[in-house]
Amino acid sequence: MRRKQVASNLDLGPLAITKRRCLSSKKSMKQIFSVYLLCTAMQVSSQATQPATTFAAIVNQYVKAKNFAGSVLIADKGHIIYQQYAGLANRQDNLPITAKSAFKICSITKTFTAVIILQLMQEGKIELNKTIGNYFPGYAGEARDKVTIHHLLTYSSGIENVDQSSEAMYVLQMPLDTIIKRYCSGKLVTTPGSKMNYKNAEFIILGKIIEQITGKPFAEVLKERILAPLHMKNSGLLFNKDIVPGLVHNYLADSTGKFYNDDPYWIENFYSSGAMYSTTADLLKFDQALFTNKLLKPETVQLMTTSYPELWGVAYSFWVNDQQLGKIKTRVMDRRGSISGANTAWYHFIKENKTVIVFSNSNAADVVELREKLAIQLLN
């Protein structure tokens with residue numbers, strides 16, 4: 001019903017009404033043109049304001065009812081059509097979240113890692129059907145000569161999942177090689193390529209392979225290949241020792257809505273699988289560069305977004321599926337991230353080139369649910 005009303009208003013609109021009145025009143029062409037411009041401006045302004053008002057209503061509901069604190073960005077073909085910041089970046093000092101607030105983006109890091117791997121593939125430095133051992137000879141796990149780069153990119157290596165539930169992964173600062181030996185070199189529990197089992201191990205190994213091929217630290221390669229060219233000045237690989245301007249504090253909320261400081265952990269242990277920080281505006285730069293073929297060739301983007309139904313719809317680092325959002329069925333890239341009080345969600349609608357990004361610095365509100373409600377409004 002609402003769609004019909006909107007369509008009817010657009011078909012008739014103030015412009016059509018003005019035309020009828022102008023013709024019947026025998027005004028001069030100059031007067032008609034002036035009224036035409038005024039009414040056209042009013043119509044455009046009304047259409048631009050209405051969606052923003054609706055987006056704001058959705059976000060504000062989450063702020064009031066669910067204590068959402070974070071940054072929301074919605075874009076159409078790379079142009080920001082709605083942006084909102086809510087809550088506190090630092091509850092101790094009562095500092096608000098702003099446009100310059102940076103968030104831990106957790107597993108969204110994996111997509112940056114996947115892009116670098118595919119850039120190296122384009123340059124002929126890596127083949128996706130070759131195994132770990134071809135590029136990381138020192139790897140000692142059973143997967144060395146059985147698991148390919150493709151398997152790593154699709155979480156289908158079959159390597160035993162031991163890092164996700166390990167407390168030591170959070171509380172002990174460990175060198176990269178120790179992490180790989182302890183958490184990424186377990187036995188194969190399924191045949192490589194046969195089953196998707198989400199974990200960090202595959203993308204930690206990919207980060208190490210990037211270092212082996214380039215001879216540079218992953219953080220440096222990330223900056224050279226993606227962050228600097230895209231002018232992502234508020235993004236990077238995070239280390240606990242770093243003082244990052246604008247980096248928000250993270251919090252945990254209980255069932256009563258009371259907030260506590262997030263549990264301490266070594267973010268660098270998650271490395272190329274989850275240790276990045278960014279802003280919503282910076283991530284949009286990456287989003288657009290990726291999906292408009294500025295980072296990868298069109299055929300490589302097609303390869304990256306190819307979905308494997310037998311692996312629960314996973315593509316390279318993210319998920320790509322046809323989804324029904326409201327009345328619209330469309331092709332969606334879905335990438336999420338979560339480490340304790342840091343929670344992120346990113347949608348990209350491939351055909352429409354529309355984007356929804358939600359970052360939060362607490363676990364109080366469901367950012368995936370919020371992202372979906374905003375997406376339904378955006379598309380419908």
# chains A, B, ... in the order shown; residues from 1 in each chain; ligands from 1

$ closest_atom_pairs --of "region 237-316 of chain A" --to "region 207-218 of chain A" --cutoff "10 Å" --atoms "only C-alpha atoms" --output "Markdown table"
| residue | atom | partner | partner_atom | distance |
| --- | --- | --- | --- | --- |
| A:Leu237 | CA | A:Phe218 | CA | 8.6 |
| A:Tyr271 | CA | A:Gly207 | CA | 7.6 |
| A:Ser272 | CA | A:Gly207 | CA | 5.2 |
| A:Ser273 | CA | A:Gly207 | CA | 7.8 |

$ select_by_dssp --residues "region 265-295 of chain A" --states "alpha helix (DSSP H)" --output "number ranges by chain"
A: 271-274, 280-291

$ select_by_dssp --residues "region 98-346 of chain A" --states "strand (DSSP E or B)" --output "PyMOL selection string"
chain A and resi 102-106+131+148+159+188+236-237+247+251-253+259-261+276-278+308+314+319-325+328-339+342-346

$ write_last_selection --atoms "N, CA and C atoms" --output "tab-separated table (two decimals), in the first residue's frame"
chain	number	residue	atom	x	y	z
A	102	ALA	N	37.49	5.54	15.05
A	102	ALA	CA	37.94	4.30	14.40
A	102	ALA	C	37.55	3.11	15.28
A	103	PHE	N	37.20	2.00	14.62
A	103	PHE	CA	36.72	0.80	15.31
A	103	PHE	C	37.58	-0.40	14.92
A	104	LYS	N	37.70	-1.33	15.82
A	104	LYS	CA	38.26	-2.63	15.45
A	104	LYS	C	37.26	-3.30	14.52
A	105	ILE	N	37.70	-3.67	13.31
A	105	ILE	CA	36.76	-4.23	12.35
A	105	ILE	C	36.82	-5.75	12.29
A	106	CYS	N	37.66	-6.33	13.13
A	106	CYS	CA	37.65	-7.79	13.35
A	106	CYS	C	37.80	-8.54	12.02
A	131	THR	N	49.49	-25.64	-3.27
A	131	THR	CA	49.32	-25.89	-1.85
A	131	THR	C	50.15	-24.94	-0.98
A	148	THR	N	45.09	-26.22	-0.60
A	148	THR	CA	45.44	-25.19	-1.58
A	148	THR	C	45.08	-23.79	-1.06
A	159	ILE	N	41.55	-28.11	8.29
A	159	ILE	CA	42.44	-28.05	9.45
A	159	ILE	C	41.61	-27.97	10.73
A	188	LEU	N	44.23	-32.68	9.90
A	188	LEU	CA	43.09	-32.50	9.02
A	188	LEU	C	41.93	-33.35	9.54
A	236	GLY	N	44.29	0.66	9.50
A	236	GLY	CA	45.58	0.00	9.59
A	236	GLY	C	45.49	-1.30	10.37
A	237	LEU	N	46.63	-1.97	10.48
A	237	LEU	CA	46.72	-3.16	11.30
A	237	LEU	C	47.06	-2.72	12.72
A	247	LEU	N	40.60	6.04	18.10
A	247	LEU	CA	40.21	4.65	18.32
A	247	LEU	C	39.30	4.54	19.53
A	251	TYR	N	33.26	-2.05	24.96
A	251	TYR	CA	32.54	-2.33	26.20
A	251	TYR	C	31.64	-3.55	26.05
A	252	LEU	N	31.38	-4.16	27.19
A	252	LEU	CA	30.45	-5.28	27.27
A	252	LEU	C	29.26	-4.84	28.11
A	253	ALA	N	28.05	-5.18	27.66
A	253	ALA	CA	26.84	-4.81	28.39
A	253	ALA	C	26.16	-6.06	28.93
A	259	PHE	N	27.11	-1.16	31.46
A	259	PHE	CA	28.31	-1.38	30.65
A	259	PHE	C	29.54	-1.62	31.52
A	260	TYR	N	30.43	-2.47	31.00
A	260	TYR	CA	31.70	-2.76	31.65
A	260	TYR	C	32.81	-2.64	30.62
A	261	ASN	N	34.03	-2.39	31.07
A	261	ASN	CA	35.18	-2.39	30.15
A	261	ASN	C	35.32	-3.76	29.51
A	276	MET	N	42.58	-5.52	12.10
A	276	MET	CA	42.53	-4.18	11.53
A	276	MET	C	41.58	-3.25	12.29
A	277	TYR	N	41.82	-1.96	12.12
A	277	TYR	CA	40.88	-0.93	12.58
A	277	TYR	C	40.55	-0.05	11.39
A	278	SER	N	39.39	0.62	11.44
A	278	SER	CA	39.00	1.49	10.33
A	278	SER	C	37.82	2.35	10.76
A	308	TYR	N	30.02	-20.65	-3.45
A	308	TYR	CA	30.06	-22.11	-3.48
A	308	TYR	C	28.94	-22.66	-2.60
A	314	VAL	N	29.77	-19.63	0.69
A	314	VAL	CA	30.96	-18.82	0.90
A	314	VAL	C	31.62	-18.51	-0.43
A	319	TRP	N	30.61	-14.01	2.23
A	319	TRP	CA	29.54	-14.84	1.72
A	319	TRP	C	28.80	-14.06	0.64
A	320	VAL	N	28.41	-14.74	-0.43
A	320	VAL	CA	27.64	-14.13	-1.50
A	320	VAL	C	26.43	-15.02	-1.78
A	321	ASN	N	25.24	-14.44	-1.62
A	321	ASN	CA	24.02	-15.21	-1.79
A	321	ASN	C	22.91	-14.32	-2.34
A	322	ASP	N	21.88	-14.97	-2.89
A	322	ASP	CA	20.65	-14.27	-3.21
A	322	ASP	C	19.81	-14.20	-1.94
A	323	GLN	N	19.42	-12.99	-1.56
A	323	GLN	CA	18.63	-12.81	-0.34
A	323	GLN	C	17.36	-12.05	-0.62
A	324	GLN	N	16.32	-12.40	0.11
A	324	GLN	CA	15.05	-11.69	0.05
A	324	GLN	C	15.05	-10.65	1.17
A	325	LEU	N	15.08	-9.39	0.81
A	325	LEU	CA	15.08	-8.30	1.78
A	325	LEU	C	13.84	-7.46	1.52
A	328	ILE	N	12.27	-7.15	-2.14
A	328	ILE	CA	13.33	-7.23	-3.15
A	328	ILE	C	14.20	-8.47	-2.92
A	329	LYS	N	14.45	-9.21	-4.00
A	329	LYS	CA	15.41	-10.30	-3.96
A	329	LYS	C	16.64	-9.86	-4.75
A	330	THR	N	17.80	-9.94	-4.13
A	330	THR	CA	19.00	-9.41	-4.77
A	330	THR	C	20.23	-10.20	-4.36
A	331	ARG	N	21.34	-9.93	-5.04
A	331	ARG	CA	22.61	-10.62	-4.79
A	331	ARG	C	23.39	-9.80	-3.77
A	332	VAL	N	23.77	-10.43	-2.67
A	332	VAL	CA	24.35	-9.71	-1.54
A	332	VAL	C	25.72	-10.27	-1.16
A	333	MET	N	26.67	-9.36	-0.94
A	333	MET	CA	27.93	-9.72	-0.29
A	333	MET	C	27.76	-9.43	1.20
A	334	ASP	N	28.03	-10.42	2.02
A	334	ASP	CA	27.82	-10.33	3.46
A	334	ASP	C	29.14	-10.61	4.18
A	335	ARG	N	29.59	-9.63	4.98
A	335	ARG	CA	30.81	-9.83	5.77
A	335	ARG	C	30.58	-9.24	7.16
A	336	ARG	N	30.90	-10.02	8.19
A	336	ARG	CA	30.70	-9.59	9.57
A	336	ARG	C	32.00	-9.77	10.35
A	337	GLY	N	32.07	-9.14	11.50
A	337	GLY	CA	33.23	-9.32	12.36
A	337	GLY	C	32.86	-9.11	13.81
A	338	SER	N	33.48	-9.88	14.69
A	338	SER	CA	33.16	-9.74	16.11
A	338	SER	C	34.30	-10.29	16.96
A	339	ILE	N	34.79	-9.46	17.86
A	339	ILE	CA	35.70	-9.91	18.91
A	339	ILE	C	35.26	-9.22	20.19
A	342	ALA	N	33.77	-5.58	20.27
A	342	ALA	CA	33.86	-4.97	18.93
A	342	ALA	C	32.99	-5.78	17.96
A	343	ASN	N	32.03	-5.11	17.31
A	343	ASN	CA	31.11	-5.82	16.42
A	343	ASN	C	30.86	-5.00	15.16
A	344	THR	N	30.97	-5.66	14.01
A	344	THR	CA	30.85	-4.96	12.73
A	344	THR	C	30.01	-5.78	11.76
A	345	ALA	N	29.36	-5.07	10.83
A	345	ALA	CA	28.56	-5.75	9.80
A	345	ALA	C	28.59	-4.91	8.53
A	346	TRP	N	28.76	-5.58	7.39
A	346	TRP	CA	28.94	-4.90	6.10
A	346	TRP	C	28.15	-5.65	5.04

$ residues_around --residues "Thr154 (chain A)" --least-positions-apart "3" --cutoff "7 Å" --atoms "only C-alpha atoms" --output "list of chain:residue names"
A:His150, A:His151, A:Val314, A:Ala315, A:Tyr316, A:Ser317

$ write_last_selection --atoms "C-alpha atoms" --output "compact mmCIF listing (two decimals), in the first residue's frame"
# COMPACT_ATOMS: atom_id res chain seq x y z
CA HIS A 150 41.62 -21.79 -2.74
CA HIS A 151 40.79 -23.97 0.27
CA VAL A 314 30.96 -18.82 0.90
CA ALA A 315 33.05 -16.93 -1.63
CA TYR A 316 36.61 -15.67 -1.07
CA SER A 317 36.60 -14.32 2.52

$ residues_around --residues "Leu118 (chain A)" --least-positions-apart "2" --cutoff "9 Å" --atoms "only C-alpha atoms" --output "list in words"
Thr113, Ala114, Val115, Ile116, Leu120, Met121, Gln122, Glu123, Ile126, Leu128, Leu296, Thr300, Val301 and Met304 of chain A

$ residues_around --residues "Ile179 (chain A)" --least-positions-apart "2" --cutoff "10 Å" --atoms "only C-alpha atoms" --output "PyMOL selection string"
chain A and resi 163+169+173-177+181-185+201+204-205+269-271

$ write_last_selection --atoms "C-alpha atoms" --output "short mmCIF file (atom, residue, chain, number, x, y, z; two decimals), in the first residue's frame"
data_model
loop_
_atom_site.label_atom_id
_atom_site.label_comp_id
_atom_site.auth_asym_id
_atom_site.auth_seq_id
_atom_site.Cartn_x
_atom_site.Cartn_y
_atom_site.Cartn_z
CA ASP A 163 41.98 -21.14 17.89
CA MET A 169 44.90 -16.86 21.85
CA GLN A 173 51.15 -12.25 23.38
CA MET A 174 52.71 -14.65 20.89
CA PRO A 175 54.99 -14.34 17.85
CA LEU A 176 53.33 -15.14 14.54
CA ASP A 177 55.26 -18.36 14.03
CA LYS A 181 52.48 -23.73 14.98
CA ARG A 182 50.02 -23.85 17.90
CA TYR A 183 46.71 -22.92 16.24
CA CYS A 184 47.07 -23.27 12.48
CA SER A 185 48.96 -26.53 12.02
CA ALA A 201 43.64 -20.22 10.96
CA ILE A 204 46.55 -16.27 9.40
CA ILE A 205 48.33 -18.72 7.10
CA ASN A 269 47.40 -12.27 17.65
CA PHE A 270 44.55 -12.17 15.14
CA TYR A 271 46.88 -10.62 12.56
#

$ residues_around --residues "Lys77 (chain A)" --least-positions-apart "5" --cutoff "9 Å" --atoms "only C-alpha atoms" --output "ChimeraX atom specification"
/A:288,352-355

$ atom_distance --atom1 "CA of Gln119 (chain A)" --atom2 "CA of Lys233 (chain A)"
21.1 Å

$ residues_around --residues "Lys327 (chain A)" --least-positions-apart "6" --cutoff "12 Å" --atoms "only C-alpha atoms" --output "JSON list (two decimals) with N, CA and C atoms, in the first residue's frame"
[["chain", "number", "residue", "atom", "x", "y", "z"],
["A", 3, "ARG", "N", 3.87, 1.61, -1.05],
["A", 3, "ARG", "CA", 4.58, 1.78, -2.33],
["A", 3, "ARG", "C", 3.67, 2.44, -3.35],
["A", 375, "ALA", "N", 18.99, -2.13, 5.41],
["A", 375, "ALA", "CA", 19.08, -2.62, 4.02],
["A", 375, "ALA", "C", 17.70, -2.77, 3.40],
["A", 376, "ILE", "N", 16.76, -3.28, 4.15],
["A", 376, "ILE", "CA", 15.40, -3.43, 3.63],
["A", 376, "ILE", "C", 14.83, -2.06, 3.26],
["A", 377, "GLN", "N", 15.05, -1.07, 4.11],
["A", 377, "GLN", "CA", 14.58, 0.28, 3.82],
["A", 377, "GLN", "C", 15.29, 0.85, 2.59],
["A", 378, "LEU", "N", 16.60, 0.61, 2.49],
["A", 378, "LEU", "CA", 17.38, 1.12, 1.37],
["A", 378, "LEU", "C", 16.89, 0.56, 0.04],
["A", 379, "LEU", "N", 16.61, -0.73, 0.01],
["A", 379, "LEU", "CA", 16.24, -1.39, -1.24],
["A", 379, "LEU", "C", 14.78, -1.22, -1.61],
["A", 380, "ASN", "N", 13.92, -1.11, -0.60],
["A", 380, "ASN", "CA", 12.47, -1.11, -0.86],
["A", 380, "ASN", "C", 11.86, 0.27, -0.90]]

$ closest_atom_pairs --of "region 213-289 of chain A" --to "region 54-72 of chain A" --cutoff "9 Å" --atoms "only C-alpha atoms" --output "CSV"
residue,atom,partner,partner_atom,distance
A:Ala253,CA,A:Asn67,CA,9.0
A:Gly257,CA,A:Asn67,CA,7.3
A:Thr279,CA,A:Ser71,CA,8.2
A:Thr280,CA,A:Ser71,CA,6.8

$ write_last_selection --atoms "N, CA and C atoms" --output "PDB file, in the first residue's frame"
ATOM      1  N   ALA A 253      28.052  -5.178  27.662  1.00  0.00           N
ATOM      2  CA  ALA A 253      26.838  -4.810  28.392  1.00  0.00           C
ATOM      3  C   ALA A 253      26.163  -6.062  28.933  1.00  0.00           C
ATOM      4  N   GLY A 257      21.610  -3.667  30.925  1.00  0.00           N
ATOM      5  CA  GLY A 257      22.035  -2.495  30.184  1.00  0.00           C
ATOM      6  C   GLY A 257      23.225  -1.784  30.796  1.00  0.00           C
ATOM      7  N   THR A 279      37.410   3.255   9.876  1.00  0.00           N
ATOM      8  CA  THR A 279      36.191   4.039  10.041  1.00  0.00           C
ATOM      9  C   THR A 279      35.194   3.592   8.975  1.00  0.00           C
ATOM     10  N   THR A 280      33.924   3.924   9.168  1.00  0.00           N
ATOM     11  CA  THR A 280      32.926   3.549   8.161  1.00  0.00           C
ATOM     12  C   THR A 280      33.219   4.241   6.822  1.00  0.00           C
TER      13      THR A 280
END
